[in-house]
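To start, the structure itself, in structure tokens.
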There are 2 protein chains.
Amino acid sequence: MSEIFKALADPTRRRVLQLLRERPMTAGELAERFPFSKATMSAHFAVLREADLVASDKRGTTITYSLKLSVLEDGLLAFAETFGIGAGRAPAAATTVTPREEKG
Amino acid sequence: MSEIFKALADPTRRRVLQLLRERPMTAGELAERFPFSKATMSAHFAVLREADLVASDKRGTTITYSLKLSVLEDGLLAFAETFGIGAGRAPAAATTVTPREEKG
DNA sequence: CTCTTATTTCGTTATTTAGCTAAATATAAA
DNA sequence: TTTATATTTAGCTAAATAACGAAATAAGAG
């Protein structure tokens with residue numbers, strides 16, 4: 001959960017995800033759309049991979065990234081539901097919050 | 001947008017929001033439910049305030065925090081809709097992403 | 001005014017993050 | 001093998017973050 005939100009907290013990474021929404025793209029294709037070095041972009045890709053928000057497919061020398069929309073969707077939905085937001089049946093507010101640490 | 005996700009990226013802050021979902025609570029009430037100093041918790045509250053996810057009401061010497069659920073809801077929904085997630089009518093993927101910086 | 005309580009702010013420290021350049025790796029082509 | 005291309009990794013710096021204890025602030029009680 002934290003990893004997803006951390007990934008989404010950076011505008012560059014959000015834009016990468018938006019680009020991948022249109023179609024899968026290689027690391028280079030993505031990188032040239034941003035004013036940062038390829039190394040910096042590679043680090044951003046790593047964060048997105050950590051959060052499991054993208055899949056990477058190595059083909060020869062190029063790596064193609066694609067959006068794992070279902071992971072993003074499930075993550076956001078799961079969080080939203082704990083607040084009774086969105087589709088969920090708005091679980092009663094009485095449920096005491098479990099003050100447990102992440103399953104990390 | 002970044003500020004909301006940054007606020008949500010920390011598990012302590014997510015738990016604070018969950019607690020506030022039940023009822024408004026003072027800074028002290030909230031703080032005593034966590035294993036951190038009041039100063040540290042105060043900093044977390046500041047981040048939540050920055051993101052406009054909580055309202056603070058000063059009454060005498062105590063400050064009562066309450067969840068601004070609509071801000072959380074609108075924020076998540078707005079983001080989700082750009083991905084065609086959830087309620088939204090799934091806008092066509094053809095829309096080119098605007099590579100603009102945050103309005104911050 | 002003084003004391004106590006509630007909360008924040010200040011000053012410090014350790015860790016993480018985002019950016020860079022340069023170097024390493026891996027694959028394909030010649 | 002050498003060269004070129006695509007990408008990541010390594011090493012660095014500056015800035016941000018999360019934590020602490022101590023000091024400051026604000027307000028009510030005596």
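Every chain in the structure tokens has a letter given in the order shown (A, B, ...), and although residue numbers restart at 1 in each chain, ligands are simply numbered from 1 in the order shown.
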
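The residue set within 9 Å of range 17-31 of chain A, counting only C-alpha atoms (C1' of nucleotides) and dropping same-chain residues fewer than 6 places from it, reads Ser37, Lys38, Thr40, Met41, Ser42, Phe45, Leu48, Leu53, Val54, Ser56, Asp57, Thr62, Ile63, Thr64, Tyr65, Ser66, Leu67 and Leu69 of chain A; Thr82, Phe83, Ala93, Ala94, Thr95, Thr96 and Val97 of chain B; DA6 and DT7 of chain D.
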
Written file, previous selection with N, CA and C atoms (P, O5', C5', C4', C3', O3' and C1' of nucleotides), as a PDB file, in the first residue's frame:
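Ended up saving to part28.pdb:
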ATOM      1  N   SER A  37      17.675  12.844 -17.083  1.00  0.00           N
ATOM      2  CA  SER A  37      18.600  11.868 -17.660  1.00  0.00           C
ATOM      3  C   SER A  37      17.966  10.486 -17.685  1.00  0.00           C
ATOM      4  N   LYS A  38      18.492   9.627 -18.540  1.00  0.00           N
ATOM      5  CA  LYS A  38      17.951   8.270 -18.619  1.00  0.00           C
ATOM      6  C   LYS A  38      18.173   7.529 -17.309  1.00  0.00           C
ATOM      7  N   THR A  40      18.141   8.843 -14.334  1.00  0.00           N
ATOM      8  CA  THR A  40      17.101   9.291 -13.405  1.00  0.00           C
ATOM      9  C   THR A  40      15.773   8.614 -13.728  1.00  0.00           C
ATOM     10  N   MET A  41      15.455   8.554 -15.008  1.00  0.00           N
ATOM     11  CA  MET A  41      14.197   7.910 -15.398  1.00  0.00           C
ATOM     12  C   MET A  41      14.227   6.435 -15.031  1.00  0.00           C
ATOM     13  N   SER A  42      15.378   5.801 -15.206  1.00  0.00           N
ATOM     14  CA  SER A  42      15.498   4.397 -14.842  1.00  0.00           C
ATOM     15  C   SER A  42      15.156   4.189 -13.368  1.00  0.00           C
ATOM     16  N   PHE A  45      11.490   4.219 -13.017  1.00  0.00           N
ATOM     17  CA  PHE A  45      10.917   2.948 -13.458  1.00  0.00           C
ATOM     18  C   PHE A  45      11.069   1.898 -12.357  1.00  0.00           C
ATOM     19  N   LEU A  48       8.390   2.259  -9.848  1.00  0.00           N
ATOM     20  CA  LEU A  48       7.113   1.753 -10.377  1.00  0.00           C
ATOM     21  C   LEU A  48       7.105   0.223 -10.394  1.00  0.00           C
ATOM     22  N   LEU A  53       3.430  -1.634 -10.329  1.00  0.00           N
ATOM     23  CA  LEU A  53       2.472  -0.887 -11.161  1.00  0.00           C
ATOM     24  C   LEU A  53       2.772  -1.034 -12.651  1.00  0.00           C
ATOM     25  N   VAL A  54       3.971  -1.524 -12.973  1.00  0.00           N
ATOM     26  CA  VAL A  54       4.316  -1.748 -14.379  1.00  0.00           C
ATOM     27  C   VAL A  54       4.943  -3.123 -14.535  1.00  0.00           C
ATOM     28  N   SER A  56       7.727  -5.238 -16.994  1.00  0.00           N
ATOM     29  CA  SER A  56       8.815  -4.960 -17.923  1.00  0.00           C
ATOM     30  C   SER A  56       9.083  -6.209 -18.747  1.00  0.00           C
ATOM     31  N   ASP A  57       9.243  -5.994 -20.033  1.00  0.00           N
ATOM     32  CA  ASP A  57       9.476  -7.108 -20.945  1.00  0.00           C
ATOM     33  C   ASP A  57      10.754  -6.846 -21.733  1.00  0.00           C
ATOM     34  N   THR A  62      16.194  -3.853 -25.744  1.00  0.00           N
ATOM     35  CA  THR A  62      15.214  -2.886 -25.243  1.00  0.00           C
ATOM     36  C   THR A  62      14.284  -3.508 -24.206  1.00  0.00           C
ATOM     37  N   ILE A  63      13.846  -2.685 -23.301  1.00  0.00           N
ATOM     38  CA  ILE A  63      12.901  -3.113 -22.278  1.00  0.00           C
ATOM     39  C   ILE A  63      11.600  -2.342 -22.476  1.00  0.00           C
ATOM     40  N   THR A  64      10.556  -3.090 -22.652  1.00  0.00           N
ATOM     41  CA  THR A  64       9.257  -2.452 -22.851  1.00  0.00           C
ATOM     42  C   THR A  64       8.462  -2.492 -21.557  1.00  0.00           C
ATOM     43  N   TYR A  65       8.008  -1.336 -21.155  1.00  0.00           N
ATOM     44  CA  TYR A  65       7.202  -1.240 -19.943  1.00  0.00           C
ATOM     45  C   TYR A  65       5.731  -1.141 -20.303  1.00  0.00           C
ATOM     46  N   SER A  66       4.913  -1.803 -19.501  1.00  0.00           N
ATOM     47  CA  SER A  66       3.471  -1.666 -19.700  1.00  0.00           C
ATOM     48  C   SER A  66       2.782  -1.476 -18.356  1.00  0.00           C
ATOM     49  N   LEU A  67       1.674  -0.793 -18.405  1.00  0.00           N
ATOM     50  CA  LEU A  67       0.921  -0.469 -17.196  1.00  0.00           C
ATOM     51  C   LEU A  67       0.187  -1.699 -16.681  1.00  0.00           C
ATOM     52  N   LEU A  69      -2.663  -2.015 -14.985  1.00  0.00           N
ATOM     53  CA  LEU A  69      -3.811  -1.216 -14.562  1.00  0.00           C
ATOM     54  C   LEU A  69      -4.580  -1.867 -13.426  1.00  0.00           C
TER      55      LEU A  69
ATOM     56  N   THR B  82      -8.761   9.659 -14.445  1.00  0.00           N
ATOM     57  CA  THR B  82      -7.806   9.839 -15.537  1.00  0.00           C
ATOM     58  C   THR B  82      -7.298   8.493 -16.039  1.00  0.00           C
ATOM     59  N   PHE B  83      -7.593   7.452 -15.307  1.00  0.00           N
ATOM     60  CA  PHE B  83      -7.205   6.106 -15.751  1.00  0.00           C
ATOM     61  C   PHE B  83      -8.416   5.277 -16.130  1.00  0.00           C
ATOM     62  N   ALA B  93      -8.553   6.334 -24.424  1.00  0.00           N
ATOM     63  CA  ALA B  93      -7.119   6.335 -24.143  1.00  0.00           C
ATOM     64  C   ALA B  93      -6.363   7.270 -25.069  1.00  0.00           C
ATOM     65  N   ALA B  94      -6.999   7.730 -26.136  1.00  0.00           N
ATOM     66  CA  ALA B  94      -6.320   8.554 -27.136  1.00  0.00           C
ATOM     67  C   ALA B  94      -5.866   9.908 -26.589  1.00  0.00           C
ATOM     68  N   THR B  95      -6.532  10.395 -25.581  1.00  0.00           N
ATOM     69  CA  THR B  95      -6.191  11.702 -25.021  1.00  0.00           C
ATOM     70  C   THR B  95      -4.719  11.753 -24.606  1.00  0.00           C
ATOM     71  N   THR B  96      -3.948  12.562 -25.299  1.00  0.00           N
ATOM     72  CA  THR B  96      -2.528  12.675 -24.985  1.00  0.00           C
ATOM     73  C   THR B  96      -2.342  13.308 -23.613  1.00  0.00           C
ATOM     74  N   VAL B  97      -1.492  12.718 -22.853  1.00  0.00           N
ATOM     75  CA  VAL B  97      -1.226  13.227 -21.521  1.00  0.00           C
ATOM     76  C   VAL B  97      -0.500  14.559 -21.606  1.00  0.00           C
TER      77      VAL B  97
ATOM     78  P    DA D   6      19.185   3.022 -29.141  1.00  0.00           P
ATOM     79  O5'  DA D   6      19.049   2.096 -27.841  1.00  0.00           O
ATOM     80  C5'  DA D   6      18.574   0.761 -27.981  1.00  0.00           C
ATOM     81  C4'  DA D   6      18.331   0.189 -26.596  1.00  0.00           C
ATOM     82  C3'  DA D   6      17.618   1.165 -25.650  1.00  0.00           C
ATOM     83  O3'  DA D   6      16.607   0.430 -24.956  1.00  0.00           O
ATOM     84  C1'  DA D   6      19.695   0.495 -24.724  1.00  0.00           C
ATOM     85  P    DT D   7      15.580   1.180 -24.008  1.00  0.00           P
ATOM     86  O5'  DT D   7      16.291   0.961 -22.596  1.00  0.00           O
ATOM     87  C5'  DT D   7      16.465  -0.374 -22.138  1.00  0.00           C
ATOM     88  C4'  DT D   7      17.396  -0.424 -20.953  1.00  0.00           C
ATOM     89  C3'  DT D   7      17.017   0.469 -19.784  1.00  0.00           C
ATOM     90  O3'  DT D   7      16.332  -0.329 -18.820  1.00  0.00           O
ATOM     91  C1'  DT D   7      19.375   0.278 -20.118  1.00  0.00           C
TER      92       DT D   7
END

Under the rule of at most 10 Å, produce a per-residue listing of chain D near chain B: chain, number, name, the closest pair of atoms, and the distance in Å, as a tab-separated table, using only C-alpha atoms (C1' of nucleotides).
residue	atom	partner	partner_atom	distance
D:DA18	C1'	B:Thr40	CA	7.6
D:DA19	C1'	B:Thr40	CA	6.6
D:DC20	C1'	B:Ser37	CA	7.6
D:DG21	C1'	B:Ala39	CA	9.3
D:DA26	C1'	B:Thr61	CA	6.6
D:DA27	C1'	B:Thr61	CA	5.3
D:DG28	C1'	B:Gly60	CA	7.6

> If you run DSSP on this backbone, which residues of chain A come out as helix (DSSP H, G or I), and could you give them as a VMD selection string?
Replying inline: chain A and resid 2 to 8 11 to 22 27 to 31 38 to 50 69 to 81

Write the residues of the selection above to a file with N, CA and C atoms, as a short mmCIF file (atom, residue, chain, number, x, y, z; two decimals), in the first residue's frame.
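The result, written out as selection00.cif:
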data_model
loop_
_atom_site.label_atom_id
_atom_site.label_comp_id
_atom_site.auth_asym_id
_atom_site.auth_seq_id
_atom_site.Cartn_x
_atom_site.Cartn_y
_atom_site.Cartn_z
N SER A 2 1.78 1.33 0.98
CA SER A 2 2.69 2.47 1.02
C SER A 2 3.45 2.61 -0.29
N GLU A 3 3.85 1.47 -0.85
CA GLU A 3 4.66 1.55 -2.06
C GLU A 3 3.89 2.12 -3.24
N ILE A 4 2.63 1.77 -3.31
CA ILE A 4 1.81 2.34 -4.38
C ILE A 4 1.67 3.85 -4.22
N PHE A 5 1.33 4.27 -3.01
CA PHE A 5 1.16 5.71 -2.80
C PHE A 5 2.47 6.46 -2.97
N LYS A 6 3.57 5.84 -2.54
CA LYS A 6 4.85 6.49 -2.71
C LYS A 6 5.16 6.67 -4.20
N ALA A 7 4.85 5.64 -4.97
CA ALA A 7 5.07 5.72 -6.41
C ALA A 7 4.21 6.83 -7.01
N LEU A 8 2.99 6.95 -6.55
CA LEU A 8 2.07 7.94 -7.11
C LEU A 8 2.36 9.36 -6.61
N PRO A 11 5.08 13.39 -9.48
CA PRO A 11 4.38 13.74 -10.72
C PRO A 11 5.00 13.10 -11.96
N THR A 12 6.30 12.95 -11.98
CA THR A 12 6.94 12.29 -13.12
C THR A 12 6.44 10.86 -13.26
N ARG A 13 6.37 10.17 -12.14
CA ARG A 13 5.92 8.78 -12.20
C ARG A 13 4.45 8.69 -12.59
N ARG A 14 3.65 9.63 -12.12
CA ARG A 14 2.24 9.61 -12.53
C ARG A 14 2.12 9.80 -14.04
N ARG A 15 2.97 10.68 -14.57
CA ARG A 15 2.91 10.92 -16.02
C ARG A 15 3.39 9.71 -16.81
N VAL A 16 4.36 9.01 -16.26
CA VAL A 16 4.82 7.78 -16.91
C VAL A 16 3.65 6.81 -16.99
N LEU A 17 2.94 6.66 -15.90
CA LEU A 17 1.80 5.75 -15.90
C LEU A 17 0.75 6.19 -16.92
N GLN A 18 0.53 7.48 -17.00
CA GLN A 18 -0.45 8.00 -17.96
C GLN A 18 -0.01 7.66 -19.40
N LEU A 19 1.27 7.83 -19.66
CA LEU A 19 1.77 7.50 -21.01
C LEU A 19 1.57 6.03 -21.30
N LEU A 20 1.83 5.20 -20.30
CA LEU A 20 1.71 3.76 -20.51
C LEU A 20 0.26 3.33 -20.64
N ARG A 21 -0.62 4.23 -20.27
CA ARG A 21 -2.03 3.91 -20.40
C ARG A 21 -2.40 3.80 -21.88
N GLU A 22 -1.76 4.62 -22.71
CA GLU A 22 -2.04 4.60 -24.13
C GLU A 22 -1.52 3.33 -24.80
N ALA A 27 11.80 1.88 -22.34
CA ALA A 27 12.41 2.80 -21.40
C ALA A 27 12.89 4.06 -22.12
N GLY A 28 13.50 3.86 -23.28
CA GLY A 28 14.03 5.00 -24.03
C GLY A 28 12.93 5.92 -24.54
N GLU A 29 11.88 5.33 -25.08
CA GLU A 29 10.75 6.13 -25.56
C GLU A 29 10.18 6.97 -24.43
N LEU A 30 10.01 6.34 -23.29
CA LEU A 30 9.48 7.07 -22.14
C LEU A 30 10.45 8.18 -21.74
N ALA A 31 11.71 7.82 -21.62
CA ALA A 31 12.70 8.77 -21.10
C ALA A 31 12.79 10.02 -21.96
N LYS A 38 18.49 9.63 -18.54
CA LYS A 38 17.95 8.27 -18.62
C LYS A 38 18.17 7.53 -17.31
N ALA A 39 19.28 7.84 -16.67
CA ALA A 39 19.54 7.19 -15.38
C ALA A 39 18.47 7.57 -14.35
N THR A 40 18.14 8.84 -14.33
CA THR A 40 17.10 9.29 -13.41
C THR A 40 15.77 8.61 -13.73
N MET A 41 15.45 8.55 -15.01
CA MET A 41 14.20 7.91 -15.40
C MET A 41 14.23 6.44 -15.03
N SER A 42 15.38 5.80 -15.21
CA SER A 42 15.50 4.40 -14.84
C SER A 42 15.16 4.19 -13.37
N ALA A 43 15.58 5.13 -12.54
CA ALA A 43 15.27 5.03 -11.11
C ALA A 43 13.75 5.14 -10.89
N HIS A 44 13.13 6.02 -11.65
CA HIS A 44 11.67 6.13 -11.52
C HIS A 44 10.99 4.82 -11.94
N PHE A 45 11.49 4.22 -13.02
CA PHE A 45 10.92 2.95 -13.46
C PHE A 45 11.07 1.90 -12.36
N ALA A 46 12.19 1.94 -11.69
CA ALA A 46 12.44 0.97 -10.62
C ALA A 46 11.41 1.11 -9.50
N VAL A 47 11.06 2.35 -9.18
CA VAL A 47 10.06 2.58 -8.14
C VAL A 47 8.70 2.03 -8.59
N LEU A 48 8.39 2.26 -9.85
CA LEU A 48 7.11 1.75 -10.38
C LEU A 48 7.10 0.22 -10.39
N ARG A 49 8.25 -0.36 -10.69
CA ARG A 49 8.36 -1.83 -10.68
C ARG A 49 8.18 -2.34 -9.25
N GLU A 50 8.86 -1.68 -8.30
CA GLU A 50 8.74 -2.03 -6.87
C GLU A 50 7.28 -2.08 -6.44
N LEU A 69 -2.66 -2.02 -14.99
CA LEU A 69 -3.81 -1.22 -14.56
C LEU A 69 -4.58 -1.87 -13.43
N SER A 70 -4.66 -3.20 -13.46
CA SER A 70 -5.44 -3.88 -12.43
C SER A 70 -4.81 -3.71 -11.05
N VAL A 71 -3.49 -3.65 -11.02
CA VAL A 71 -2.82 -3.45 -9.73
C VAL A 71 -3.15 -2.06 -9.18
N LEU A 72 -3.08 -1.08 -10.07
CA LEU A 72 -3.42 0.29 -9.68
C LEU A 72 -4.87 0.34 -9.22
N GLU A 73 -5.72 -0.24 -10.01
CA GLU A 73 -7.16 -0.24 -9.72
C GLU A 73 -7.45 -0.93 -8.39
N ASP A 74 -6.93 -2.13 -8.23
CA ASP A 74 -7.19 -2.87 -6.99
C ASP A 74 -6.64 -2.13 -5.78
N GLY A 75 -5.47 -1.56 -5.93
CA GLY A 75 -4.86 -0.83 -4.83
C GLY A 75 -5.71 0.34 -4.39
N LEU A 76 -6.09 1.16 -5.36
CA LEU A 76 -6.89 2.34 -5.03
C LEU A 76 -8.25 1.94 -4.47
N LEU A 77 -8.84 0.96 -5.11
CA LEU A 77 -10.17 0.52 -4.67
C LEU A 77 -10.12 -0.04 -3.26
N ALA A 78 -9.12 -0.86 -2.99
CA ALA A 78 -9.00 -1.45 -1.65
C ALA A 78 -8.88 -0.35 -0.61
N PHE A 79 -8.05 0.64 -0.90
CA PHE A 79 -7.90 1.75 0.04
C PHE A 79 -9.20 2.52 0.17
N ALA A 80 -9.80 2.84 -0.96
CA ALA A 80 -11.04 3.64 -0.95
C ALA A 80 -12.12 2.93 -0.14
N GLU A 81 -12.16 1.63 -0.27
CA GLU A 81 -13.22 0.90 0.43
C GLU A 81 -13.10 1.00 1.95
#

>> Counting only C-alpha atoms (C1' of nucleotides), a student should be able to say which residues of chain C come within 7 Å of chain A; what is the right answer, written as a ChimeraX atom specification?
In response: /C:19,26-27

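With only C-alpha atoms as the basis for measurement, A:Ala9 is the residue among A:Ala9, A:Arg33, A:Lys68, A:Ala51 that approaches chain B most closely.
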
>> For the structure I just gave you, how does DSSP split range 4-77 of chain A - specifically, which residues are strand (DSSP E)? Reply as a count of residues only.
In response: 14

Tell me which protein, DNA and RNA residues are within 12 Å of DT25 in chain D, counting only C-alpha atoms (C1' of nucleotides), leaving out same-chain ones fewer than 6 positions away, and put them as a PDB file with N, CA and C atoms (P, O5', C5', C4', C3', O3' and C1' of nucleotides), in the first residue's frame.
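Contents of part.pdb, as written:
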ATOM      1  N   THR B  61      -7.322  25.307  24.657  1.00  0.00           N
ATOM      2  CA  THR B  61      -5.963  24.814  24.463  1.00  0.00           C
ATOM      3  C   THR B  61      -5.868  23.554  23.612  1.00  0.00           C
TER       4      THR B  61
ATOM      5  P    DA C   6      -3.726  17.893  28.870  1.00  0.00           P
ATOM      6  O5'  DA C   6      -3.519  18.823  27.601  1.00  0.00           O
ATOM      7  C5'  DA C   6      -4.554  19.715  27.221  1.00  0.00           C
ATOM      8  C4'  DA C   6      -4.223  20.301  25.863  1.00  0.00           C
ATOM      9  C3'  DA C   6      -3.738  19.248  24.848  1.00  0.00           C
ATOM     10  O3'  DA C   6      -4.402  19.497  23.616  1.00  0.00           O
ATOM     11  C1'  DA C   6      -2.098  20.945  25.121  1.00  0.00           C
ATOM     12  P    DT C   7      -4.212  18.516  22.399  1.00  0.00           P
ATOM     13  O5'  DT C   7      -3.041  19.239  21.597  1.00  0.00           O
ATOM     14  C5'  DT C   7      -3.274  20.559  21.120  1.00  0.00           C
ATOM     15  C4'  DT C   7      -2.002  21.192  20.647  1.00  0.00           C
ATOM     16  C3'  DT C   7      -1.218  20.401  19.607  1.00  0.00           C
ATOM     17  O3'  DT C   7      -1.516  20.939  18.331  1.00  0.00           O
ATOM     18  C1'  DT C   7       0.175  21.594  21.150  1.00  0.00           C
ATOM     19  P    DT C   8      -0.691  20.485  17.030  1.00  0.00           P
ATOM     20  O5'  DT C   8       0.513  21.544  17.061  1.00  0.00           O
ATOM     21  C5'  DT C   8       0.169  22.922  17.184  1.00  0.00           C
ATOM     22  C4'  DT C   8       1.425  23.766  17.255  1.00  0.00           C
ATOM     23  C3'  DT C   8       2.362  23.604  16.059  1.00  0.00           C
ATOM     24  O3'  DT C   8       2.723  24.915  15.624  1.00  0.00           O
ATOM     25  C1'  DT C   8       3.551  23.278  18.082  1.00  0.00           C
ATOM     26  P    DT C   9       3.658  25.112  14.337  1.00  0.00           P
ATOM     27  O5'  DT C   9       5.096  25.409  14.977  1.00  0.00           O
ATOM     28  C5'  DT C   9       5.264  26.557  15.800  1.00  0.00           C
ATOM     29  C4'  DT C   9       6.711  26.616  16.276  1.00  0.00           C
ATOM     30  C3'  DT C   9       7.753  26.480  15.155  1.00  0.00           C
ATOM     31  O3'  DT C   9       8.759  27.449  15.431  1.00  0.00           O
ATOM     32  C1'  DT C   9       8.166  24.872  16.817  1.00  0.00           C
TER      33       DT C   9
END

> If we count only C-alpha atoms (C1' of nucleotides), what is near DT3 in chain D at a cut-off of 12 Å, once residues fewer than 2 positions away on the same chain are taken out, given as a list of chain:residue names?
Replying inline: C:DA28, C:DA29, C:DA30, D:DT1, D:DT5

Keeping N, CA and C atoms (P, O5', C5', C4', C3', O3' and C1' of nucleotides), export the residues of the selection given above as a PDB file, in the first residue's frame.
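After the write, selection-v1.pdb holds the following:
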ATOM      1  P    DA C  28      19.737 -10.030 -29.238  1.00  0.00           P
ATOM      2  O5'  DA C  28      20.281  -9.069 -30.379  1.00  0.00           O
ATOM      3  C5'  DA C  28      19.808  -7.724 -30.403  1.00  0.00           C
ATOM      4  C4'  DA C  28      20.606  -6.952 -31.434  1.00  0.00           C
ATOM      5  C3'  DA C  28      20.859  -7.733 -32.722  1.00  0.00           C
ATOM      6  O3'  DA C  28      20.517  -6.863 -33.786  1.00  0.00           O
ATOM      7  C1'  DA C  28      22.908  -6.923 -31.825  1.00  0.00           C
ATOM      8  P    DA C  29      20.690  -7.364 -35.298  1.00  0.00           P
ATOM      9  O5'  DA C  29      21.997  -6.587 -35.767  1.00  0.00           O
ATOM     10  C5'  DA C  29      22.167  -5.220 -35.425  1.00  0.00           C
ATOM     11  C4'  DA C  29      23.463  -4.710 -36.043  1.00  0.00           C
ATOM     12  C3'  DA C  29      23.780  -5.339 -37.408  1.00  0.00           C
ATOM     13  O3'  DA C  29      24.443  -4.341 -38.178  1.00  0.00           O
ATOM     14  C1'  DA C  29      25.499  -5.867 -35.903  1.00  0.00           C
ATOM     15  P    DA C  30      24.747  -4.582 -39.728  1.00  0.00           P
ATOM     16  O5'  DA C  30      26.334  -4.519 -39.788  1.00  0.00           O
ATOM     17  C5'  DA C  30      27.013  -3.445 -39.137  1.00  0.00           C
ATOM     18  C4'  DA C  30      28.509  -3.712 -39.186  1.00  0.00           C
ATOM     19  C3'  DA C  30      28.969  -4.386 -40.479  1.00  0.00           C
ATOM     20  O3'  DA C  30      30.143  -3.769 -40.956  1.00  0.00           O
ATOM     21  C1'  DA C  30      29.660  -5.663 -38.623  1.00  0.00           C
TER      22       DA C  30
ATOM     23  P    DT D   1      36.753 -11.899 -28.013  1.00  0.00           P
ATOM     24  O5'  DT D   1      37.124 -11.766 -29.602  1.00  0.00           O
ATOM     25  C5'  DT D   1      38.402 -11.446 -30.022  1.00  0.00           C
ATOM     26  C4'  DT D   1      38.336 -10.222 -30.925  1.00  0.00           C
ATOM     27  C3'  DT D   1      38.075  -8.938 -30.141  1.00  0.00           C
ATOM     28  O3'  DT D   1      38.835  -7.880 -30.716  1.00  0.00           O
ATOM     29  C1'  DT D   1      36.379  -9.241 -31.763  1.00  0.00           C
ATOM     30  P    DT D   5      24.913   4.166 -32.298  1.00  0.00           P
ATOM     31  O5'  DT D   5      23.920   3.270 -31.424  1.00  0.00           O
ATOM     32  C5'  DT D   5      23.196   2.215 -32.048  1.00  0.00           C
ATOM     33  C4'  DT D   5      22.297   1.563 -31.006  1.00  0.00           C
ATOM     34  C3'  DT D   5      21.580   2.574 -30.104  1.00  0.00           C
ATOM     35  O3'  DT D   5      20.222   2.178 -29.999  1.00  0.00           O
ATOM     36  C1'  DT D   5      22.769   1.015 -28.794  1.00  0.00           C
TER      37       DT D   5
END

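Interatomic distance, C1' of DT13 in chain C to CA of Glu32 in chain B: 24.1 Å.
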